[in-house]
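*Asks:* Sharing data.txt here; it has compact mmCIF, C-alpha atoms.
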# COMPACT_ATOMS: atom_id res chain seq x y z
CA MET D 1 0.00 0.00 0.00
CA ILE D 2 2.60 2.52 1.15
CA GLY D 3 5.04 0.93 -1.26
CA ASP D 4 2.76 1.89 -4.15
CA LEU D 5 2.72 5.52 -3.03
CA LEU D 6 6.54 5.66 -3.22
CA GLY D 7 6.28 5.38 -6.99
CA THR D 8 4.14 8.54 -7.28
CA PRO D 9 5.31 12.19 -7.55
CA LEU D 10 3.54 12.87 -4.24
CA PHE D 11 6.34 11.21 -2.28
CA GLY D 12 9.36 13.08 -3.71
CA ILE D 13 7.65 16.47 -3.89
CA GLY D 14 6.06 16.14 -0.45
CA LEU D 15 9.27 14.96 1.21
CA THR D 16 11.33 17.75 -0.39
CA LEU D 17 8.91 20.54 0.58
CA LEU D 18 8.44 19.20 4.10
CA CYS D 19 12.18 18.85 4.76
CA TYR D 20 12.91 22.24 3.18
CA ALA D 21 10.20 24.00 5.23
CA LEU D 22 11.62 22.46 8.43
CA ALA D 23 15.17 23.36 7.39
CA GLN D 24 14.11 26.97 6.77
CA LEU D 25 12.56 27.07 10.23
CA LEU D 26 15.80 25.72 11.74
CA TYR D 27 17.83 28.29 9.77
CA ARG D 28 15.64 31.20 10.92
CA ARG D 29 15.57 30.05 14.55
CA THR D 30 19.31 29.48 14.83
CA GLY D 31 20.47 32.17 12.39
CA SER D 32 23.57 30.00 11.88
CA ILE D 33 25.18 29.73 8.44
CA PHE D 34 25.94 26.08 9.19
CA PHE D 35 22.21 25.40 8.98
CA ASN D 36 21.84 26.68 5.40
CA PRO D 37 18.56 25.08 4.23
CA VAL D 38 19.96 23.53 1.01
CA PRO D 39 22.67 21.27 2.50
CA VAL D 40 20.50 20.55 5.57
CA THR D 41 17.60 19.40 3.35
CA ILE D 42 19.89 17.35 1.09
CA VAL D 43 21.55 15.58 4.04
CA THR D 44 18.19 14.95 5.76
CA ILE D 45 16.60 13.45 2.64
CA ILE D 46 19.64 11.28 1.86
CA GLY D 47 19.59 10.11 5.51
CA LEU D 48 15.89 9.27 5.42
CA LEU D 49 16.05 7.47 2.06
CA THR D 50 19.08 5.45 3.18
CA ALA D 51 17.56 4.55 6.57
CA LEU D 52 14.24 3.53 5.02
CA ARG D 53 15.95 1.73 2.11
CA ILE D 54 14.12 3.82 -0.48
CA SER D 55 15.94 4.17 -3.79
CA TYR D 56 16.92 7.49 -5.36
CA ALA D 57 14.83 6.49 -8.40
CA ASP D 58 11.66 6.40 -6.23
CA TYR D 59 12.50 9.84 -4.81
CA ALA D 60 13.29 11.25 -8.25
CA VAL D 61 9.77 10.44 -9.56
CA GLY D 62 8.64 13.53 -7.63
CA GLY D 63 12.03 15.24 -7.30
CA LYS D 64 12.26 15.80 -11.05
CA TYR D 65 9.29 18.18 -10.94
CA ILE D 66 11.12 20.41 -8.47
CA LEU D 67 14.30 20.13 -10.53
CA PHE D 68 12.30 21.21 -13.59
CA LEU D 69 11.65 24.62 -12.02
CA LEU D 70 15.40 25.28 -12.12
CA GLY D 71 15.11 25.83 -15.89
CA PRO D 72 12.67 28.78 -15.88
CA SER D 73 14.46 30.11 -12.76
CA VAL D 74 17.70 30.44 -14.71
CA VAL D 75 15.75 32.30 -17.43
CA ALA D 76 14.24 34.48 -14.68
CA LEU D 77 17.77 35.56 -13.65
CA GLY D 78 17.71 37.72 -16.79
CA PHE D 79 15.11 39.96 -15.11
CA PRO D 80 17.29 41.45 -12.33
CA LEU D 81 20.08 41.75 -14.91
CA TYR D 82 17.81 43.90 -17.06
CA THR D 83 16.37 46.03 -14.26
CA ARG D 84 19.85 46.57 -12.73
CA ARG D 85 21.57 47.05 -16.11
CA LYS D 86 22.87 50.54 -15.27
CA ASP D 87 24.61 49.29 -12.12
CA ILE D 88 26.07 46.42 -14.14
CA LEU D 89 27.18 48.36 -17.23
CA VAL D 90 29.08 50.88 -15.12
CA ARG D 91 31.04 47.89 -13.74
CA LYS D 92 31.53 45.98 -16.99
CA ALA D 93 35.35 45.89 -16.79
CA PRO D 94 35.58 44.67 -13.16
CA ILE D 95 32.82 42.14 -13.84
CA LEU D 96 34.34 40.65 -17.01
CA ILE D 97 37.94 40.62 -15.76
CA GLY D 98 36.85 39.37 -12.32
CA ILE D 99 34.96 36.43 -13.81
CA LEU D 100 37.82 35.62 -16.21
CA ALA D 101 40.28 35.60 -13.27
CA GLY D 102 37.87 33.48 -11.24
CA ALA D 103 37.30 30.98 -14.07
CA LEU D 104 41.06 30.47 -14.58
CA THR D 105 41.68 30.22 -10.83
CA SER D 106 38.91 27.68 -10.46
CA ILE D 107 40.17 25.36 -13.20
CA LEU D 108 43.81 25.54 -12.09
CA SER D 109 43.25 25.38 -8.31
CA ALA D 110 40.64 22.60 -8.39
CA SER D 111 42.51 20.26 -10.71
CA GLY D 112 45.97 21.36 -9.44
CA LEU D 113 45.19 20.64 -5.78
CA ALA D 114 43.65 17.26 -6.59
CA TRP D 115 46.71 16.37 -8.71
CA LEU D 116 49.12 17.39 -5.92
CA LEU D 117 47.20 15.23 -3.43
CA GLY D 118 47.49 12.20 -5.69
CA GLY D 119 44.05 12.25 -7.29
CA SER D 120 43.56 9.99 -10.29
CA ARG D 121 43.29 11.45 -13.78
CA ASP D 122 39.51 10.88 -13.74
CA VAL D 123 39.12 12.83 -10.49
CA VAL D 124 41.40 15.68 -11.63
CA LEU D 125 39.40 16.09 -14.85
CA SER D 126 36.04 15.79 -13.07
CA LEU D 127 37.00 18.53 -10.59
CA ALA D 128 38.11 21.07 -13.20
CA PRO D 129 34.65 22.55 -14.03
CA LYS D 130 33.22 22.29 -10.49
CA SER D 131 32.38 26.03 -10.17
CA VAL D 132 30.24 25.99 -13.31
CA THR D 133 26.48 25.43 -13.26
CA THR D 134 25.52 21.72 -13.53
CA PRO D 135 24.35 21.43 -17.18
CA ILE D 136 27.41 23.31 -18.52
CA ALA D 137 29.81 21.43 -16.21
CA ILE D 138 28.50 18.09 -17.46
CA SER D 139 28.85 18.98 -21.12
CA ILE D 140 32.44 20.18 -20.46
CA VAL D 141 33.40 16.98 -18.62
CA GLU D 142 31.98 14.82 -21.38
CA LYS D 143 34.24 16.73 -23.77
CA ILE D 144 37.48 16.49 -21.72
CA GLY D 145 36.84 12.97 -20.43
CA GLY D 146 36.06 12.96 -16.69
CA ILE D 147 33.22 11.22 -14.85
CA ALA D 148 30.04 13.28 -15.40
CA PRO D 149 28.06 12.06 -12.33
CA LEU D 150 31.05 12.80 -10.08
CA THR D 151 31.21 16.33 -11.51
CA ALA D 152 27.47 16.81 -10.85
CA ALA D 153 28.03 15.82 -7.21
CA LEU D 154 31.04 18.16 -6.85
CA VAL D 155 29.15 21.07 -8.44
CA VAL D 156 26.42 20.75 -5.78
CA LEU D 157 29.02 20.41 -3.00
CA THR D 158 30.83 23.53 -4.25
CA GLY D 159 27.53 25.43 -4.40
CA CYS D 160 26.68 24.47 -0.82
CA ILE D 161 30.09 25.64 0.45
CA GLY D 162 29.69 28.99 -1.33
CA ALA D 163 26.10 29.40 -0.12
CA MET D 164 26.96 28.54 3.49
CA CYS D 165 29.98 30.76 3.99
CA GLY D 166 30.50 32.81 0.78
CA PRO D 167 29.17 36.20 1.96
CA GLU D 168 30.76 35.77 5.41
CA PHE D 169 34.12 34.77 3.90
CA CYS D 170 34.02 37.76 1.52
CA ARG D 171 33.40 40.21 4.38
CA LEU D 172 36.22 38.58 6.34
CA ILE D 173 38.74 39.19 3.54
CA GLY D 174 37.57 42.76 2.92
CA ILE D 175 35.15 42.28 0.01
CA LYS D 176 32.20 44.25 1.38
CA ASP D 177 30.86 45.89 -1.80
CA PRO D 178 27.71 43.92 -2.76
CA ALA D 179 28.62 43.91 -6.48
CA ALA D 180 32.08 42.41 -5.90
CA MET D 181 30.67 39.98 -3.34
CA GLY D 182 27.94 38.81 -5.74
CA LEU D 183 30.54 38.37 -8.46
CA ALA D 184 32.78 36.29 -6.16
CA VAL D 185 29.98 34.06 -4.86
CA GLY D 186 28.31 33.62 -8.29
CA THR D 187 31.59 32.78 -10.03
CA ALA D 188 32.69 30.28 -7.36
CA ALA D 189 29.35 28.76 -6.37
CA HIS D 190 27.00 29.19 -9.38
CA GLY D 191 23.22 28.91 -8.74
CA ILE D 192 23.26 27.71 -5.12
CA GLY D 193 25.58 30.61 -4.21
CA THR D 194 23.37 32.98 -6.23
CA ALA D 195 20.29 31.87 -4.28
CA ARG D 196 22.09 32.88 -1.07
CA MET D 197 23.30 36.19 -2.59
CA LEU D 198 19.71 37.07 -3.55
CA GLU D 199 18.89 36.91 0.18
CA VAL D 200 21.89 39.05 1.10
CA ASN D 201 21.60 41.81 -1.52
CA ARG D 202 19.52 42.28 -4.69
CA LEU D 203 22.27 43.83 -6.82
CA GLY D 204 24.74 41.22 -5.56
CA GLY D 205 22.24 38.51 -6.50
CA ALA D 206 21.74 39.93 -10.00
CA ILE D 207 25.50 40.06 -10.60
CA ALA D 208 25.90 36.53 -9.20
CA GLY D 209 23.30 35.41 -11.77
CA LEU D 210 25.30 37.05 -14.53
CA ALA D 211 28.44 35.31 -13.24
CA ILE D 212 26.75 31.88 -13.61
CA GLY D 213 26.27 32.42 -17.33
CA LEU D 214 29.59 34.15 -18.05
CA ASN D 215 31.70 31.73 -15.99
CA GLY D 216 29.97 28.85 -17.79
CA LEU D 217 30.68 30.45 -21.14
CA ILE D 218 34.35 31.26 -20.39
CA THR D 219 35.10 27.89 -18.76
CA SER D 220 33.53 25.92 -21.60
CA PHE D 221 35.91 27.67 -24.03
CA ILE D 222 39.10 27.73 -21.89
CA LEU D 223 39.00 24.32 -20.23
CA PRO D 224 39.15 22.11 -23.34
CA LEU D 225 42.02 24.29 -24.65
CA LEU D 226 43.96 24.06 -21.35
CA PHE D 227 43.65 20.29 -21.32
CA LEU D 228 44.99 20.09 -24.85
CA LEU D 229 48.15 21.82 -23.55
CA PHE D 230 48.60 19.41 -20.63
CA ARG D 231 47.86 16.26 -22.56
CA MET R 232 1.41 35.17 -12.89
CA VAL R 233 0.39 32.61 -15.55
CA ARG R 234 1.42 34.99 -18.33
CA GLY R 235 4.82 35.43 -16.67
CA PHE R 236 5.42 31.67 -16.43
CA ALA R 237 4.30 31.21 -20.03
CA ILE R 238 6.82 33.83 -21.21
CA LEU R 239 9.68 32.31 -19.18
CA LEU R 240 8.92 28.81 -20.50
CA VAL R 241 8.65 30.01 -24.12
CA LEU R 242 12.03 31.77 -23.79
CA GLN R 243 13.58 28.65 -22.24
CA PHE R 244 12.15 26.59 -25.10
CA LEU R 245 13.62 29.00 -27.68
CA GLY R 246 16.94 28.78 -25.81
CA GLU R 247 16.85 24.98 -25.96
CA ILE R 248 16.12 25.08 -29.71
CA ILE R 249 19.07 27.43 -30.33
CA SER R 250 21.37 25.38 -28.06
CA THR R 251 20.63 22.01 -29.67
CA GLY R 252 20.17 23.44 -33.18
CA LEU R 253 23.57 25.15 -33.25
CA ASN R 254 25.18 22.46 -31.04
CA LEU R 255 26.35 25.10 -28.53
CA PRO R 256 28.10 24.22 -25.25
CA ILE R 257 25.76 26.68 -23.46
CA PRO R 258 22.52 25.14 -22.14
CA GLY R 259 19.14 26.42 -23.30
CA ASN R 260 18.16 27.95 -19.96
CA VAL R 261 21.29 30.14 -19.89
CA LEU R 262 20.51 31.29 -23.45
CA GLY R 263 16.95 31.88 -22.25
CA MET R 264 18.36 34.24 -19.60
CA GLY R 265 19.94 36.27 -22.40
CA LEU R 266 16.74 36.12 -24.47
CA LEU R 267 14.72 37.50 -21.53
CA MET R 268 17.10 40.46 -21.22
CA LEU R 269 16.86 41.01 -24.96
CA ALA R 270 13.06 40.78 -24.96
CA LEU R 271 12.82 43.24 -22.07
CA GLY R 272 15.32 45.57 -23.73
CA LEU R 273 13.47 45.55 -27.06
CA LYS R 274 10.19 46.11 -25.17
CA LEU R 275 8.77 42.88 -26.62
CA VAL R 276 8.04 41.89 -23.02
CA ARG R 277 7.02 44.40 -20.35
CA THR R 278 8.58 44.10 -16.89
CA GLU R 279 5.16 43.92 -15.20
CA TRP R 280 4.21 40.88 -17.31
CA VAL R 281 6.95 38.73 -15.82
CA GLU R 282 7.89 40.25 -12.48
CA ASP R 283 5.48 38.17 -10.34
CA ALA R 284 6.66 34.87 -11.82
CA VAL R 285 10.31 35.99 -11.58
CA GLU R 286 9.90 37.00 -7.94
CA LEU R 287 8.25 33.68 -7.06
CA LEU R 288 10.95 31.60 -8.77
CA LEU R 289 13.96 33.59 -7.57
CA SER R 290 12.80 33.73 -3.96
CA HIS R 291 12.74 29.91 -3.97
CA LEU R 292 15.77 29.32 -6.19
CA ALA R 293 17.69 27.41 -3.49
CA LEU R 294 14.88 24.83 -3.13
CA PHE R 295 15.14 23.76 -6.78
CA PHE R 296 18.71 22.51 -6.26
CA VAL R 297 17.68 19.99 -3.61
CA PRO R 298 16.81 17.04 -5.93
CA ALA R 299 20.16 17.38 -7.78
CA GLY R 300 21.91 17.38 -4.41
CA VAL R 301 20.06 14.26 -3.25
CA GLY R 302 21.33 12.64 -6.47
CA VAL R 303 24.79 12.65 -4.85
CA MET R 304 23.74 9.55 -2.87
CA VAL R 305 23.99 7.44 -6.03
CA TYR R 306 27.70 8.29 -6.32
CA PHE R 307 28.83 7.77 -2.73
CA ASP R 308 31.25 4.99 -3.74
CA LEU R 309 32.89 7.23 -6.29
CA LEU R 310 33.30 10.05 -3.74
CA ALA R 311 34.53 7.69 -1.00
CA ALA R 312 37.24 6.14 -3.19
CA GLU R 313 39.31 9.36 -3.41
CA TRP R 314 37.74 11.49 -0.70
CA LEU R 315 40.93 13.29 0.39
CA PRO R 316 41.95 14.98 -2.90
CA ILE R 317 38.27 15.56 -3.72
CA MET R 318 37.31 17.23 -0.44
CA VAL R 319 40.48 19.30 0.02
CA SER R 320 40.45 20.50 -3.57
CA THR R 321 36.72 21.31 -3.60
CA VAL R 322 36.73 23.26 -0.33
CA LEU R 323 40.03 25.14 -0.78
CA SER R 324 39.45 25.93 -4.43
CA THR R 325 35.98 27.38 -3.71
CA PHE R 326 37.46 29.84 -1.21
CA VAL R 327 40.42 30.70 -3.46
CA VAL R 328 38.08 31.46 -6.39
CA MET R 329 35.90 33.74 -4.25
CA ALA R 330 38.98 35.60 -2.97
CA VAL R 331 40.58 36.06 -6.42
CA THR R 332 37.31 37.06 -8.16
CA GLY R 333 36.29 39.43 -5.38
CA TRP R 334 39.72 41.07 -5.05
CA VAL R 335 40.15 41.56 -8.80
CA ALA R 336 36.68 43.13 -9.04
CA LYS R 337 37.32 45.33 -5.99
CA LEU R 338 40.67 46.50 -7.33
CA LEU R 339 39.22 47.42 -10.74
CA GLU R 340 36.00 48.85 -9.37
CA LYS R 341 37.90 51.47 -7.38
CA ARG R 342 39.10 52.92 -10.67
CA VAL R 343 35.86 52.54 -12.59
CA ALA R 344 33.03 53.53 -10.26
CA PRO R 345 34.36 55.42 -7.26
CA HIS R 346 31.32 57.72 -7.35
CA ASP R 347 29.02 54.77 -6.95
CA ARG R 348 29.74 53.80 -3.36
Give the structure from this file in structure tokens form.

*Replies:*
Amino acid sequence: MIGDLLGTPLFGIGLTLLCYALAQLLYRRTGSIFFNPVPVTIVTIIGLLTALRISYADYAVGGKYILFLLGPSVVALGFPLYTRRKDILVRKAPILIGILAGALTSILSASGLAWLLGGSRDVVLSLAPKSVTTPIAISIVEKIGGIAPLTAALVVLTGCIGAMCGPEFCRLIGIKDPAAMGLAVGTAAHGIGTARMLEVNRLGGAIAGLAIGLNGLITSFILPLLFLLFR
Amino acid sequence: MVRGFAILLVLQFLGEIISTGLNLPIPGNVLGMGLLMLALGLKLVRTEWVEDAVELLLSHLALFFVPAGVGVMVYFDLLAAEWLPIMVSTVLSTFVVMAVTGWVAKLLEKRVAPHDR
């Protein structure tokens, strides 16, 4: 009886919304960045599914409807970019050069550190596009030859790190201007970081959204070229 | 609200057609983001047509990443096999990228828009 319900969208959607609502409550009550609702919800759901021996496939029957909304949300990021275009155009040089520097740093530091620590070739390649939004990261990895599912996991992990402590880390190292902060968090932590930036500051969130697209664009051109050099 | 969602989905659809049609590395939704800016700029779409739908989606953006994150559970073995280089590189690199991007932007912004702060 209950087993039949697991195969319906009701289960995945209901579980996700319930866990997320509780995680938001926890986040508001504690005010602690370590209780960011995204990682808390992900960990809770993985824990529940594992404990109850429910497969990811059963969860995904409903989960895919929530994932679907990511598509129009990325389109929607064009709206704050348009309404804040004057603030963005006046900063076009810092934005473009900042993202270019961030994209290069991301590729070199992610794969370089993994290589120094003895990571296998597969892991080094899979880490290289980890700051890029999931669909772009996957198409890059398929081109350079890493493990696409591993990259997808690392992209989410990276996003959670940026969302949890990005704005706090930026303030700590003297990046207090909301535009520069949004650029840093969006370039390093794509959509999950952008979601957090939208809570912190609207202009910062709009610029973080721009960084998702531009970092994806730049990385998808640079990364295959860089790996040709190191081959 | 419904009109706004319809516009966003049509733009995403156009983005997907361009992305697959021209075999671009950029996904359709990111192209759709550009198309929305273009449509707003050319006054083909008015801001008030889409702003409700945009507000609803963007204020819940974080939620939509949850299912992809739960998908990590399928690849636990892969992550566990080389956890040290993976974790150290992911965490450190994320902070390094934020620092470099933020500092470069801050440095250049001082010259470009000092009146703006």

*Asks:* Mind checking which residues fall within 9 Å of Cys160 of chain D, counting all atoms listed in the file, ignoring those fewer than 6 positions away in the same chain, and posting them as number ranges by chain?

*Replies:* D: 36, 38-39, 189, 192-193

*Asks:* Write a file of the selected residues as a PDB file, keeping the file's coordinate frame, keeping C-alpha atoms.

*Replies:*
ATOM      1  CA  ASN D  36      21.840  26.680   5.400  1.00  0.00           C
ATOM      2  CA  VAL D  38      19.960  23.530   1.010  1.00  0.00           C
ATOM      3  CA  PRO D  39      22.670  21.270   2.500  1.00  0.00           C
ATOM      4  CA  ALA D 189      29.350  28.760  -6.370  1.00  0.00           C
ATOM      5  CA  ILE D 192      23.260  27.710  -5.120  1.00  0.00           C
ATOM      6  CA  GLY D 193      25.580  30.610  -4.210  1.00  0.00           C
TER       7      GLY D 193
END

*Asks:* Leaving out segment 307-309 of chain R and any residue of its chain fewer than 3 positions from it, which residues lie within 10 Å of it when counting all atoms listed in the file, given as a CSV table (one decimal) with C-alpha atoms, in the coordinates of the input?

*Replies:*
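Written output follows (result_2.csv):
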chain,number,residue,atom,x,y,z
D,123,VAL,CA,39.1,12.8,-10.5
D,147,ILE,CA,33.2,11.2,-14.8
D,149,PRO,CA,28.1,12.1,-12.3
D,150,LEU,CA,31.0,12.8,-10.1
D,153,ALA,CA,28.0,15.8,-7.2
R,302,GLY,CA,21.3,12.6,-6.5
R,303,VAL,CA,24.8,12.6,-4.8
R,304,MET,CA,23.7,9.6,-2.9
R,312,ALA,CA,37.2,6.1,-3.2
R,313,GLU,CA,39.3,9.4,-3.4
R,314,TRP,CA,37.7,11.5,-0.7

*Asks:* Using only C-alpha atoms for the distances, tell me which of R:Ser320, R:Thr325, R:Thr251, R:Gln243 is nearest to Leu267 of chain R.

*Replies:*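 Comparing R:Ser320, R:Thr325, R:Thr251, R:Gln243 against Leu267 of chain R, the winner is R:Gln243.
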
*Asks:* Report, in Å to a single decimal, how far apart atom CA of Val297 of chain R and atom CA of Gly63 of chain D are.

*Replies:*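 That distance, rounded to one decimal, is 8.3 Å.
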
*Asks:* Out of D:Leu127, D:Cys19, D:Ile97, D:Leu217, which residue has the shortest atom-to-atom distance to Leu338 of chain R when counting all atoms listed in the file?

*Replies:* D:Ile97

*Asks:* Counting only C-alpha atoms, figure out which residue out of D:Ile88, D:Leu15, D:Leu77, D:Ile140 gets nearest to Val61 of chain D.

*Replies:*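 Of D:Ile88, D:Leu15, D:Leu77, D:Ile140, the one nearest Val61 of chain D, counting only C-alpha atoms, is D:Leu15.
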
*Asks:* Could you tell me how far atom CA of Ile175 of chain D sits from atom CA of Met197 of chain D, in Å to one decimal place?

*Replies:*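 Distance between the two atoms: 13.6 Å.
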
*Asks:* Need the shell around segment 282-285 of chain R: protein/DNA/RNA residues with any atom at most 10 Å away, counting all atoms listed in the file. Skip same-chain ones fewer than 6 positions apart. Format as a PyMOL selection string?

*Replies:* (chain D and resi 72-80) or (chain R and resi 232-239)

*Asks:* Could you name the residues that touch Ile212 of chain D at 6 Å or less, counting all atoms listed in the file, but leaving out those on the same chain fewer than 3 positions away, as an NGL selection string?

*Replies:* :D and (186 or 190 or 209 or 215)

*Asks:* Which polymer residues have any atom within 12 Å of an atom of Glu340 of chain R, counting only C-alpha atoms, with same-chain residues fewer than 6 positions away left out, as JSON, numbers by chain?

*Replies:* {"D": [87, 88, 89, 90, 91, 92, 93, 94, 95, 96, 97, 98, 175, 177, 178, 179, 180, 181, 183], "R": [332, 333, 334, 346, 347, 348]}

*Asks:* Generate the output file for the selected residues, C-alpha atoms, as a compact mmCIF listing (two decimals), in the frame of the given file.

*Replies:*
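Saved file result-v3.txt follows:
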# COMPACT_ATOMS: atom_id res chain seq x y z
CA ASP D 87 24.61 49.29 -12.12
CA ILE D 88 26.07 46.42 -14.14
CA LEU D 89 27.18 48.36 -17.23
CA VAL D 90 29.08 50.88 -15.12
CA ARG D 91 31.04 47.89 -13.74
CA LYS D 92 31.53 45.98 -16.99
CA ALA D 93 35.35 45.89 -16.79
CA PRO D 94 35.58 44.67 -13.16
CA ILE D 95 32.82 42.14 -13.84
CA LEU D 96 34.34 40.65 -17.01
CA ILE D 97 37.94 40.62 -15.76
CA GLY D 98 36.85 39.37 -12.32
CA ILE D 175 35.15 42.28 0.01
CA ASP D 177 30.86 45.89 -1.80
CA PRO D 178 27.71 43.92 -2.76
CA ALA D 179 28.62 43.91 -6.48
CA ALA D 180 32.08 42.41 -5.90
CA MET D 181 30.67 39.98 -3.34
CA LEU D 183 30.54 38.37 -8.46
CA THR R 332 37.31 37.06 -8.16
CA GLY R 333 36.29 39.43 -5.38
CA TRP R 334 39.72 41.07 -5.05
CA HIS R 346 31.32 57.72 -7.35
CA ASP R 347 29.02 54.77 -6.95
CA ARG R 348 29.74 53.80 -3.36

*Asks:* Rounded to one decimal in Å, what is the spacing between atom CA of Leu269 of chain R and atom CA of Arg85 of chain D?

*Replies:*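 Atom-to-atom, atom CA of Leu269 of chain R to atom CA of Arg85 of chain D, that is 11.7 Å.
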
*Asks:* With all atoms listed in the file as the basis for distance, which of R:Val327, R:Val335, R:Ala311, R:Leu294 is at the shortest distance from Ile13 of chain D?

*Replies:*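 When distances to Ile13 of chain D are compared using all atoms listed in the file, the smallest one comes from R:Leu294.
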
*Asks:* Nearest residue to chain D out of R:Val328, R:Ala270, R:Ile249, R:Leu287, using only C-alpha atoms?

*Replies:*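 Comparing R:Val328, R:Ala270, R:Ile249, R:Leu287 against chain D, the winner is R:Val328.
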
*Asks:* Could you tell me which of R:Leu255, R:Ala293, R:Leu275, R:Phe244 comes closest to chain D if we count only C-alpha atoms?

*Replies:*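 Of R:Leu255, R:Ala293, R:Leu275, R:Phe244, the one nearest chain D, counting only C-alpha atoms, is R:Ala293.
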
*Asks:* May I have the residues at most 12 Å from (23.4, 15.1, -3.3) in the file's coordinates, counting all atoms listed in the file, as a count of residues only?

*Replies:* 38

*Asks:* Missing atoms in segment 48-64 of chain D: fill them in up to N, CA and C atoms and send the result as a short mmCIF file (atom, residue, chain, number, x, y, z; two decimals), in the frame of the given file.

*Replies:*
data_model
loop_
_atom_site.label_atom_id
_atom_site.label_comp_id
_atom_site.auth_asym_id
_atom_site.auth_seq_id
_atom_site.Cartn_x
_atom_site.Cartn_y
_atom_site.Cartn_z
N LEU D 48 17.19 9.94 5.34
CA LEU D 48 15.89 9.27 5.42
C LEU D 48 15.78 8.16 4.37
N LEU D 49 16.16 8.47 3.13
CA LEU D 49 16.05 7.47 2.06
C LEU D 49 16.92 6.26 2.37
N THR D 50 18.15 6.54 2.86
CA THR D 50 19.08 5.45 3.18
C THR D 50 18.53 4.60 4.32
N ALA D 51 18.06 5.27 5.39
CA ALA D 51 17.56 4.55 6.57
C ALA D 51 16.33 3.70 6.22
N LEU D 52 15.47 4.25 5.36
CA LEU D 52 14.24 3.53 5.02
C LEU D 52 14.41 2.64 3.79
N ARG D 53 15.64 2.56 3.28
CA ARG D 53 15.95 1.73 2.11
C ARG D 53 15.06 2.07 0.91
N ILE D 54 14.87 3.37 0.69
CA ILE D 54 14.12 3.82 -0.48
C ILE D 54 15.14 4.26 -1.52
N SER D 55 14.93 3.86 -2.77
CA SER D 55 15.94 4.17 -3.79
C SER D 55 15.82 5.62 -4.25
N TYR D 56 16.92 6.13 -4.81
CA TYR D 56 16.92 7.49 -5.36
C TYR D 56 15.91 7.59 -6.50
N ALA D 57 15.77 6.50 -7.27
CA ALA D 57 14.83 6.49 -8.40
C ALA D 57 13.40 6.77 -7.92
N ASP D 58 13.01 6.17 -6.77
CA ASP D 58 11.66 6.40 -6.23
C ASP D 58 11.49 7.86 -5.83
N TYR D 59 12.55 8.43 -5.21
CA TYR D 59 12.50 9.84 -4.81
C TYR D 59 12.41 10.74 -6.04
N ALA D 60 13.18 10.39 -7.07
CA ALA D 60 13.29 11.25 -8.25
C ALA D 60 11.99 11.35 -9.05
N VAL D 61 11.07 10.37 -8.87
CA VAL D 61 9.77 10.44 -9.56
C VAL D 61 9.10 11.79 -9.26
N GLY D 62 9.19 12.22 -7.99
CA GLY D 62 8.64 13.53 -7.63
C GLY D 62 9.71 14.62 -7.72
N GLY D 63 10.94 14.27 -7.33
CA GLY D 63 12.03 15.24 -7.30
C GLY D 63 12.23 15.94 -8.63
N LYS D 64 11.99 15.21 -9.74
CA LYS D 64 12.26 15.80 -11.05
C LYS D 64 11.35 16.98 -11.37
#
